[in-house]
Amino acid sequence: MHPKPHVRSSATLLALAYAALVVYASLYPFVDWRWPPGQTLLQLLALPRSAYHDSFDLQSNLLGYLPLGLLITIACRRSGVQAWAALLIASAAAVLLSYGCEVLQSFVPRRVPALEDLLLNSLGGLAGAGLALLIHRVGLVDRWQDFRARWFSGDAAGALVLLVLWPVGLLFPSPVPFGLGQVGARLQELLADMLEGVSWAASLLETLQTASPVGTPLSAFNEALLVTLGLLAPCWVAYSVTAAGARRLVLGLSVLSMGFVGMTLSTLLNFGPAHALAWLAPLTLKSLGAAAVLALLAAALPPRLVAGIGLIALTVLVTGVSQAPDDPYFAQSLQNWEQGRFVRFHGLAQWVGWLWPYGAMLWLLSRLAVRRSSR
């Protein structure tokens with residue numbers, strides 16, 4: 001009898017990604033850090049009680065750590081850890097992560113550490129761990145694993161994480177619908193700040209600005225192309241770990257549905273419920289139709305060819321999006337995010353939106369490398 005092949009749990013990668021997002025949200029913004037005046041190290045380690053209680057903060061602190069406890073517990077159980085040990089590991093991880101973030105918040109301007117936050121975060125992690133054990137007990141995890149084994153290859157954990165994160169990236173406003181990956185201008189600004197006043201770097205910065213012109217309006221064709229490629233991007237990721245056939249049609253339809261919901265929710269958050277469908281311009285509708293047809297045609301392609309096409313398409317997408325100009329509505333969206341109470345979530349969605357295409361490119365490249373080495 002052949003041993004059952006090991007399948008990496010996507011819960012492990014999701015737990016690591018969620019922990020990184022928690023740290024980002026807890027320590028945002030990452031500027032102007034300083035030692036708290038008049039405090040010793042022991043005073044920093046002893047978290048103070050807060051006299052300020054806001055219902056939104058209480059709920060966010062409680063619910064924010066619930067997914068972390070849930071994911072860690074499921075990952076532990078999938079690795080063969082006993083239920084009581086998984087509960088202990090998840091709860092301890094939530095406590096330690098929360099305590100570390102609360103202590104570090106003392107160094108962040110406009111952030112106030114509090115003992116109540118630690119308690120709520122710890123309680124949220126414990127609740128998530130308990131919920132995970134309940135889910136595991138009723139067999140939902142086993143059912144998911146059976147579904148995953150039928151629909152995806154055994155090494156699909158990275159692809160599944162990318163598919164889960166894609167709708168999150170859509171929530172951050174972009175100059176083109178589904179146009180994720182517009183990080184070039186930000187990196188150029190960061191590089192300019194780092195090299196400000198450096199004499200030898202002046203010509204380098206001038207060359208970069210000349211090589212990456214931003215501000216020329218996109219033609220109708222180019223905009224439609226970017227929308228189509230942006231919507232197809234997660235299809236290439238999903239198809240790369242799924243055998244050719246009818247199941248890809250279901251996955252493609254699911255991706256299109258997630259994209260529709262993600263863009264509608266993003267527009268709703270930016271402009272209000274009355275304008276939730278404002279992103280559905282005539283050109284965008286044509287791109288949606290083109291993406292649906294291409295996703296249908298690609299359902300019959302072999303996974304290796306899908307990975308190659310997806311890699312090329314994502315390269316075109318990030319290149320085109322990096323040159324897309326910012327329109328007034330895009331600027332207004334950014335202002336609404338950065339001045340609202342969801343500013344920390346703005347940072348999370350922003351980073352996911354920036355980095356998702358590059359993570360997908362690395363994933364598709366790894367699929368090509370794996371399949372080449374297995375020949």
# chains A, B, ... in the order shown; residues from 1 in each chain; ligands from 1
call {"tool": "select_by_dssp", "arguments": {"residues": "segment 246-339 of chain A", "states": "helix (DSSP H, G or I)", "output": "ChimeraX atom specification"}}
result
/A:246-271,273-275,282-298,303-322,328-339
call {"tool": "residues_around", "arguments": {"residues": "Leu362 of chain A", "least_positions_apart": "6", "cutoff": "10 Å", "atoms": "only C-alpha atoms", "output": "PyMOL selection string"}}
result
chain A and resi 311+356+368
call {"tool": "closest_atom_pairs", "arguments": {"of": "segment 220-306 of chain A", "to": "segment 312-324 of chain A", "cutoff": "8 Å", "atoms": "only C-alpha atoms", "output": "tab-separated table"}}
result
residue	atom	partner	partner_atom	distance
A:Asn222	CA	A:Gly320	CA	7.9
A:Leu226	CA	A:Leu317	CA	5.8
A:Leu229	CA	A:Leu317	CA	6.2
A:Gly230	CA	A:Leu317	CA	6.7
A:Ala233	CA	A:Leu314	CA	6.6
call {"tool": "closest_residue", "arguments": {"among": "A:Tyr24, A:Gly130, A:Gly139, A:Ser106", "to": "Gly38 of chain A", "atoms": "only C-alpha atoms"}}
result
A:Ser106
call {"tool": "atom_distance", "arguments": {"atom1": "atom CA of Trp144 of chain A", "atom2": "atom CA of Ala15 of chain A"}}
result
17.0 Å
call {"tool": "residues_around", "arguments": {"residues": "Leu118 of chain A", "least_positions_apart": "4", "cutoff": "8 Å", "atoms": "only C-alpha atoms", "output": "list of chain:residue names"}}
result
A:Val95, A:Ser98, A:Tyr99, A:Glu102, A:Ala114, A:Ser122
